Amino acid sequence: MCPRFPVDPAAAAAVKCTARPPFPRRRPAALPLLICASATSAGPGKAGPAGEDAHFLLPPGGGPATSPSASSVGAPTVGVGVFDGVGGWRRLGIDAGDYARALAAGAAAYLAARPGPAGSAVVAGRWSAAEALVSAVDAVSLAGTATAVVAAVVADTEAAAGGAAKEKLEDGGGGGCGAWASAHPPPPEGQPRRSGRRLVGVSIGDSALWVIRAGTVVYRSPSLGQGAFNQPAQLGAGALDPLADASAIDVPLDVGDTVVVGSDGLFDNVWGETIVSTATRDEGGGGGGAVAEAARRLHAAAVDAYSARRYRSPFAVAARAAGWDYPDAGKPDDVVVVVCRAEASKGDKGGGTNL
C-alpha cells in the first residue's frame with residue numbers, strides 16, 4: 001500500500017505500490033434514451049389512419065421521421081409531434097387534416113436537419129422544437145388550423161448555457177421566435193441537473209404532453225383556449241406570430257420516466273388516473289414492446305370511452321361546467337397516442353453533461 005504522506009523520500013521509493021486515488025471514482029449516471037411508440041385512428045365517419053390528426057416520431061442522428069399509419073413499434077426517438085386539425089373547417093369543405101399533416105412533415109424535416117453530436121440521442125439547440133413549428137407554419141400555405149405539441153430531447157448543457165440560441169432568436173434568427181424566446185428563458189444557472197437530458201418544446205391548444213415519474217404526473221402542458229369552451233388556441237397559415245398562444249415545455253428527463261403525448265381525442269375521453277396506470281404498466285415484453293402495448297391500450301381506452309352508451313367522460317364534465325347540455329358520454333373524435341419510456345442508454349456518447 002502506498003504511504004499517503006511519506007516523510008523520507010528514499011523510504012517511500014523503496015515501497016513497491018500502485019498509486020490509487022483516495023476515493024473510488026463515481027461512474028456517471030446513465031443518460032435517458034426515449035423509446036416511443038404510437039397508436040392512431042380516425043373518428044367515426046372520417047377517412048384515413050388518423051382523420052384530421054397527424055404525428056411524427058424522429059429517430060436519432062437526423063434520420064427520416066416516421067408517421068405510422070396505425071401503430072408503431074417502440075424505437076429510439078429524439079423528437080415527437082402531435083397535430084390536431086380543427087374540424088370546424090369541414091363546414092367550408094376544407095380538410096384541416098391536410099394542414100395538420102403538412103405541419104407534421106415540415107416540423108419533422110426541420111428537426112431532422114439538426115441532429116446532435118454523432119452517436120448521441122439529442123437534437124441540437126434548445127429552441128429547435130419551437131423553431132421547427134414556426135418554420136412549418138411559414139412553409140405551409142394550405143387553408144386550415146391545428147393545435148400542436150412539438151418536443152425534442154436536448155442536452156442539459158443546451159438548456160443551461162443556451163444563451164447563444166436565445167440571442168439568435170431575439171435578433172430575429174432561428175425561425176422568428178424572438179419574443180417568445182425572451183418570455184421563456186432557460187432554467188437558472190446552477191439549477192440542479194440530474195440527468196443530462198431535457199425534453200424541451202412548445203404546445204398550442206388542447207393537444208398535450210405529460211411526463212410521469214414514479215406513478216405521478218410531474219409535468220403536463222397547459223390546455224389553452226380562445227375564450228369559449230371547446231375552442232382551443234390554434235395556429236394557421238399566414239399567422240403573424242405563430243407562437244402568440246404557445247406554452248413552453250421544459251422538463252428534465254430521468255431514467256424511468258414515462259412521456260405521454262396525444263390529441264384531445266385521448267384527454268377528452270380518458271381520465272388521468274387511467275392514463276397514468278395504463279401508460280406505466282409493464283406489459284408487452286419490456287422495452288419497445290412495452291411502450292407499443294401501452295400506446296395500444298391507451299388508444300383502445302379512448303375509443304371504448306367515446307363508443308360507450310353511457311360514460312362520464314372528462315369532456316362531459318367540462319362541457320356541463322361550461323353550461324352545455326351534454327350527456328354522460330365520451331366525445332367521438334380522432335385519436336393519436338404516443339407513449340415513450342426513458343430507458344438507460346447504452347453506448348450513447350452523450351451530448352450532455354452528467355452532474
# chains A, B, ... in the order shown; residues from 1 in each chain; ligands from 1
>>> residues_around(residues="range 214-229 of chain A", least_positions_apart="3", cutoff="9 Å", atoms="only C-alpha atoms", output="VMD selection string")
chain A and resid 149 202 to 211 232 to 234 245 to 249 251 256 to 258 272 276 to 277 280 318 to 319 322
>>> closest_atom_pairs(of="range 85-115 of chain A", to="range 329-334 of chain A", cutoff="12 Å", atoms="only C-alpha atoms", output="JSON lines")
{"residue": "A:Gly85", "atom": "CA", "partner": "A:Asp334", "partner_atom": "CA", "distance": 9.7}
{"residue": "A:Val86", "atom": "CA", "partner": "A:Asp334", "partner_atom": "CA", "distance": 10.8}
{"residue": "A:Gly87", "atom": "CA", "partner": "A:Asp333", "partner_atom": "CA", "distance": 9.5}
{"residue": "A:Gly97", "atom": "CA", "partner": "A:Asp334", "partner_atom": "CA", "distance": 10.4}
>>> atom_distance(atom1="CA of Glu293 in chain A", atom2="CA of Ile275 in chain A")
13.1 Å
>>> residues_around(residues="range 131-144 of chain A", least_positions_apart="4", cutoff="8 Å", atoms="only C-alpha atoms", output="PDB file with N, CA, C and O atoms, in the first residue's frame")
ATOM      1  N   GLY A  85     -55.903  18.798 -36.576  1.00  0.00           N
ATOM      2  CA  GLY A  85     -56.596  19.727 -37.455  1.00  0.00           C
ATOM      3  C   GLY A  85     -57.981  20.045 -36.918  1.00  0.00           C
ATOM      4  O   GLY A  85     -58.719  19.146 -36.503  1.00  0.00           O
ATOM      5  N   VAL A  86     -58.352  21.314 -36.898  1.00  0.00           N
ATOM      6  CA  VAL A  86     -59.620  21.745 -36.304  1.00  0.00           C
ATOM      7  C   VAL A  86     -60.780  21.375 -37.233  1.00  0.00           C
ATOM      8  O   VAL A  86     -60.830  21.797 -38.399  1.00  0.00           O
ATOM      9  N   TRP A  89     -63.456  23.358 -39.946  1.00  0.00           N
ATOM     10  CA  TRP A  89     -63.200  23.686 -41.344  1.00  0.00           C
ATOM     11  C   TRP A  89     -64.001  22.811 -42.300  1.00  0.00           C
ATOM     12  O   TRP A  89     -64.171  23.157 -43.474  1.00  0.00           O
ATOM     13  N   ILE A  94     -63.251  22.128 -46.294  1.00  0.00           N
ATOM     14  CA  ILE A  94     -61.791  22.047 -46.182  1.00  0.00           C
ATOM     15  C   ILE A  94     -61.421  20.968 -45.180  1.00  0.00           C
ATOM     16  O   ILE A  94     -61.982  20.908 -44.079  1.00  0.00           O
ATOM     17  N   ASP A  95     -60.490  20.118 -45.562  1.00  0.00           N
ATOM     18  CA  ASP A  95     -59.983  19.070 -44.665  1.00  0.00           C
ATOM     19  C   ASP A  95     -58.773  19.616 -43.914  1.00  0.00           C
ATOM     20  O   ASP A  95     -57.677  19.716 -44.474  1.00  0.00           O
ATOM     21  N   ALA A  96     -58.978  19.991 -42.645  1.00  0.00           N
ATOM     22  CA  ALA A  96     -57.863  20.519 -41.847  1.00  0.00           C
ATOM     23  C   ALA A  96     -56.811  19.456 -41.568  1.00  0.00           C
ATOM     24  O   ALA A  96     -55.703  19.783 -41.117  1.00  0.00           O
ATOM     25  N   ASP A  98     -55.260  17.866 -43.845  1.00  0.00           N
ATOM     26  CA  ASP A  98     -54.176  18.138 -44.793  1.00  0.00           C
ATOM     27  C   ASP A  98     -53.199  19.144 -44.194  1.00  0.00           C
ATOM     28  O   ASP A  98     -51.976  19.015 -44.342  1.00  0.00           O
ATOM     29  N   TYR A  99     -53.750  20.159 -43.528  1.00  0.00           N
ATOM     30  CA  TYR A  99     -52.897  21.164 -42.901  1.00  0.00           C
ATOM     31  C   TYR A  99     -52.089  20.554 -41.768  1.00  0.00           C
ATOM     32  O   TYR A  99     -50.882  20.794 -41.650  1.00  0.00           O
ATOM     33  N   ALA A 102     -49.286  18.422 -43.126  1.00  0.00           N
ATOM     34  CA  ALA A 102     -48.209  19.241 -43.694  1.00  0.00           C
ATOM     35  C   ALA A 102     -47.358  19.854 -42.584  1.00  0.00           C
ATOM     36  O   ALA A 102     -46.129  19.931 -42.706  1.00  0.00           O
ATOM     37  N   LEU A 103     -47.988  20.305 -41.501  1.00  0.00           N
ATOM     38  CA  LEU A 103     -47.226  20.814 -40.363  1.00  0.00           C
ATOM     39  C   LEU A 103     -46.321  19.735 -39.787  1.00  0.00           C
ATOM     40  O   LEU A 103     -45.155  19.993 -39.461  1.00  0.00           O
ATOM     41  N   ALA A 104     -46.855  18.521 -39.642  1.00  0.00           N
ATOM     42  CA  ALA A 104     -46.067  17.424 -39.081  1.00  0.00           C
ATOM     43  C   ALA A 104     -44.845  17.144 -39.944  1.00  0.00           C
ATOM     44  O   ALA A 104     -43.725  16.975 -39.438  1.00  0.00           O
ATOM     45  N   ALA A 105     -45.042  17.092 -41.254  1.00  0.00           N
ATOM     46  CA  ALA A 105     -43.926  16.807 -42.156  1.00  0.00           C
ATOM     47  C   ALA A 105     -42.883  17.925 -42.111  1.00  0.00           C
ATOM     48  O   ALA A 105     -41.673  17.667 -42.081  1.00  0.00           O
ATOM     49  N   GLY A 106     -43.329  19.177 -42.075  1.00  0.00           N
ATOM     50  CA  GLY A 106     -42.392  20.292 -42.059  1.00  0.00           C
ATOM     51  C   GLY A 106     -41.602  20.383 -40.770  1.00  0.00           C
ATOM     52  O   GLY A 106     -40.384  20.611 -40.787  1.00  0.00           O
ATOM     53  N   ALA A 107     -42.270  20.206 -39.642  1.00  0.00           N
ATOM     54  CA  ALA A 107     -41.580  20.269 -38.348  1.00  0.00           C
ATOM     55  C   ALA A 107     -40.584  19.126 -38.208  1.00  0.00           C
ATOM     56  O   ALA A 107     -39.463  19.311 -37.703  1.00  0.00           O
ATOM     57  N   ALA A 108     -40.979  17.936 -38.653  1.00  0.00           N
ATOM     58  CA  ALA A 108     -40.078  16.787 -38.567  1.00  0.00           C
ATOM     59  C   ALA A 108     -38.835  16.998 -39.424  1.00  0.00           C
ATOM     60  O   ALA A 108     -37.716  16.685 -39.010  1.00  0.00           O
ATOM     61  N   TYR A 110     -37.467  19.825 -40.269  1.00  0.00           N
ATOM     62  CA  TYR A 110     -36.613  20.837 -39.648  1.00  0.00           C
ATOM     63  C   TYR A 110     -35.761  20.218 -38.541  1.00  0.00           C
ATOM     64  O   TYR A 110     -34.550  20.457 -38.457  1.00  0.00           O
ATOM     65  N   LEU A 111     -36.378  19.408 -37.686  1.00  0.00           N
ATOM     66  CA  LEU A 111     -35.622  18.780 -36.591  1.00  0.00           C
ATOM     67  C   LEU A 111     -34.617  17.761 -37.110  1.00  0.00           C
ATOM     68  O   LEU A 111     -33.519  17.624 -36.573  1.00  0.00           O
ATOM     69  N   TRP A 127     -33.930  25.596 -28.612  1.00  0.00           N
ATOM     70  CA  TRP A 127     -35.156  26.142 -29.175  1.00  0.00           C
ATOM     71  C   TRP A 127     -35.570  25.432 -30.464  1.00  0.00           C
ATOM     72  O   TRP A 127     -36.452  25.913 -31.174  1.00  0.00           O
ATOM     73  N   VAL A 150     -44.967  19.987 -30.073  1.00  0.00           N
ATOM     74  CA  VAL A 150     -43.697  19.547 -30.656  1.00  0.00           C
ATOM     75  C   VAL A 150     -42.647  19.610 -29.558  1.00  0.00           C
ATOM     76  O   VAL A 150     -42.512  20.636 -28.877  1.00  0.00           O
ATOM     77  N   GLY A 174     -33.385  32.065 -36.290  1.00  0.00           N
ATOM     78  CA  GLY A 174     -33.948  30.863 -35.698  1.00  0.00           C
ATOM     79  C   GLY A 174     -35.436  30.725 -35.868  1.00  0.00           C
ATOM     80  O   GLY A 174     -36.127  30.210 -35.005  1.00  0.00           O
ATOM     81  N   GLY A 175     -35.981  31.190 -36.982  1.00  0.00           N
ATOM     82  CA  GLY A 175     -37.382  30.929 -37.241  1.00  0.00           C
ATOM     83  C   GLY A 175     -38.315  31.989 -36.693  1.00  0.00           C
ATOM     84  O   GLY A 175     -39.513  31.799 -36.646  1.00  0.00           O
ATOM     85  N   GLY A 176     -37.832  33.132 -36.263  1.00  0.00           N
ATOM     86  CA  GLY A 176     -38.704  34.205 -35.846  1.00  0.00           C
ATOM     87  C   GLY A 176     -39.386  33.978 -34.521  1.00  0.00           C
ATOM     88  O   GLY A 176     -40.534  34.356 -34.336  1.00  0.00           O
ATOM     89  N   CYS A 177     -38.714  33.372 -33.555  1.00  0.00           N
ATOM     90  CA  CYS A 177     -39.293  33.099 -32.245  1.00  0.00           C
ATOM     91  C   CYS A 177     -38.790  34.062 -31.186  1.00  0.00           C
ATOM     92  O   CYS A 177     -38.814  33.747 -29.996  1.00  0.00           O
ATOM     93  N   LEU A 235     -53.111  27.353 -34.458  1.00  0.00           N
ATOM     94  CA  LEU A 235     -52.275  28.117 -35.383  1.00  0.00           C
ATOM     95  C   LEU A 235     -52.684  27.789 -36.803  1.00  0.00           C
ATOM     96  O   LEU A 235     -53.253  26.732 -37.074  1.00  0.00           O
ATOM     97  N   GLY A 236     -52.409  28.731 -37.704  1.00  0.00           N
ATOM     98  CA  GLY A 236     -52.809  28.550 -39.088  1.00  0.00           C
ATOM     99  C   GLY A 236     -51.905  29.307 -40.035  1.00  0.00           C
ATOM    100  O   GLY A 236     -51.054  30.104 -39.625  1.00  0.00           O
ATOM    101  N   ALA A 237     -52.096  29.054 -41.310  1.00  0.00           N
ATOM    102  CA  ALA A 237     -51.278  29.690 -42.340  1.00  0.00           C
ATOM    103  C   ALA A 237     -51.451  31.202 -42.283  1.00  0.00           C
ATOM    104  O   ALA A 237     -52.547  31.715 -42.058  1.00  0.00           O
ATOM    105  N   GLY A 238     -50.361  31.916 -42.473  1.00  0.00           N
ATOM    106  CA  GLY A 238     -50.405  33.363 -42.500  1.00  0.00           C
ATOM    107  C   GLY A 238     -50.368  34.026 -41.145  1.00  0.00           C
ATOM    108  O   GLY A 238     -50.476  35.255 -41.053  1.00  0.00           O
ATOM    109  N   ALA A 239     -50.205  33.237 -40.078  1.00  0.00           N
ATOM    110  CA  ALA A 239     -50.156  33.819 -38.740  1.00  0.00           C
ATOM    111  C   ALA A 239     -48.934  34.722 -38.609  1.00  0.00           C
ATOM    112  O   ALA A 239     -47.817  34.320 -38.935  1.00  0.00           O
ATOM    113  N   PRO A 242     -46.881  32.922 -34.904  1.00  0.00           N
ATOM    114  CA  PRO A 242     -47.388  31.568 -34.670  1.00  0.00           C
ATOM    115  C   PRO A 242     -47.335  31.142 -33.203  1.00  0.00           C
ATOM    116  O   PRO A 242     -48.100  30.264 -32.785  1.00  0.00           O
ATOM    117  N   LEU A 243     -46.445  31.739 -32.422  1.00  0.00           N
ATOM    118  CA  LEU A 243     -46.293  31.321 -31.035  1.00  0.00           C
ATOM    119  C   LEU A 243     -47.000  32.255 -30.049  1.00  0.00           C
ATOM    120  O   LEU A 243     -46.739  32.210 -28.857  1.00  0.00           O
TER     121      LEU A 243
END
>>> select_by_dssp(residues="range 225-344 of chain A", states="strand (DSSP E)", output="VMD selection string")
chain A and resid 235 to 236 247 to 252 258 to 262 335 to 344
>>> residues_around(residues="range 56-58 of chain A", least_positions_apart="2", cutoff="9 Å", atoms="only C-alpha atoms", output="ChimeraX atom specification")
/A:36-38,54,60,62-68,75-82,104-105,107-108,111-112,152,338
>>> atom_distance(atom1="CA of Glu343 in chain A", atom2="CA of Ala295 in chain A")
16.6 Å
>>> closest_residue(among="A:Val303, A:Pro32, A:Ala308, A:Ser41", to="Gly196 in chain A", atoms="only C-alpha atoms")
A:Pro32
>>> select_by_dssp(residues="range 19-150 of chain A", states="alpha helix (DSSP H)", output="PyMOL selection string")
chain A and resi 96-112+128-139
>>> write_last_selection(atoms="C-alpha atoms", output="mmCIF file, in the first residue's frame")
data_model
loop_
_atom_site.group_PDB
_atom_site.id
_atom_site.type_symbol
_atom_site.label_atom_id
_atom_site.label_comp_id
_atom_site.auth_asym_id
_atom_site.auth_seq_id
_atom_site.Cartn_x
_atom_site.Cartn_y
_atom_site.Cartn_z
ATOM 1 C CA ALA A 96 -57.863 20.519 -41.847
ATOM 2 C CA GLY A 97 -56.145 17.139 -41.707
ATOM 3 C CA ASP A 98 -54.176 18.138 -44.793
ATOM 4 C CA TYR A 99 -52.897 21.164 -42.901
ATOM 5 C CA ALA A 100 -52.035 19.098 -39.813
ATOM 6 C CA ARG A 101 -50.147 16.528 -41.874
ATOM 7 C CA ALA A 102 -48.209 19.241 -43.694
ATOM 8 C CA LEU A 103 -47.226 20.814 -40.363
ATOM 9 C CA ALA A 104 -46.067 17.424 -39.081
ATOM 10 C CA ALA A 105 -43.926 16.807 -42.156
ATOM 11 C CA GLY A 106 -42.392 20.292 -42.059
ATOM 12 C CA ALA A 107 -41.580 20.269 -38.348
ATOM 13 C CA ALA A 108 -40.078 16.787 -38.567
ATOM 14 C CA ALA A 109 -37.881 17.766 -41.522
ATOM 15 C CA TYR A 110 -36.613 20.837 -39.648
ATOM 16 C CA LEU A 111 -35.622 18.780 -36.591
ATOM 17 C CA ALA A 112 -34.096 16.025 -38.723
ATOM 18 C CA SER A 128 -35.218 23.666 -32.071
ATOM 19 C CA ALA A 129 -38.774 22.436 -31.424
ATOM 20 C CA ALA A 130 -40.201 25.962 -31.353
ATOM 21 C CA GLU A 131 -38.173 26.882 -34.420
ATOM 22 C CA ALA A 132 -39.435 23.742 -36.184
ATOM 23 C CA LEU A 133 -43.065 24.671 -35.586
ATOM 24 C CA VAL A 134 -42.604 28.265 -36.759
ATOM 25 C CA SER A 135 -40.709 27.055 -39.828
ATOM 26 C CA ALA A 136 -43.518 24.624 -40.684
ATOM 27 C CA VAL A 137 -46.223 27.292 -40.292
ATOM 28 C CA ASP A 138 -44.265 29.660 -42.529
ATOM 29 C CA ALA A 139 -43.796 26.993 -45.201
#
>>> atom_distance(atom1="CA of Val122 in chain A", atom2="CA of Ala342 in chain A")
12.8 Å
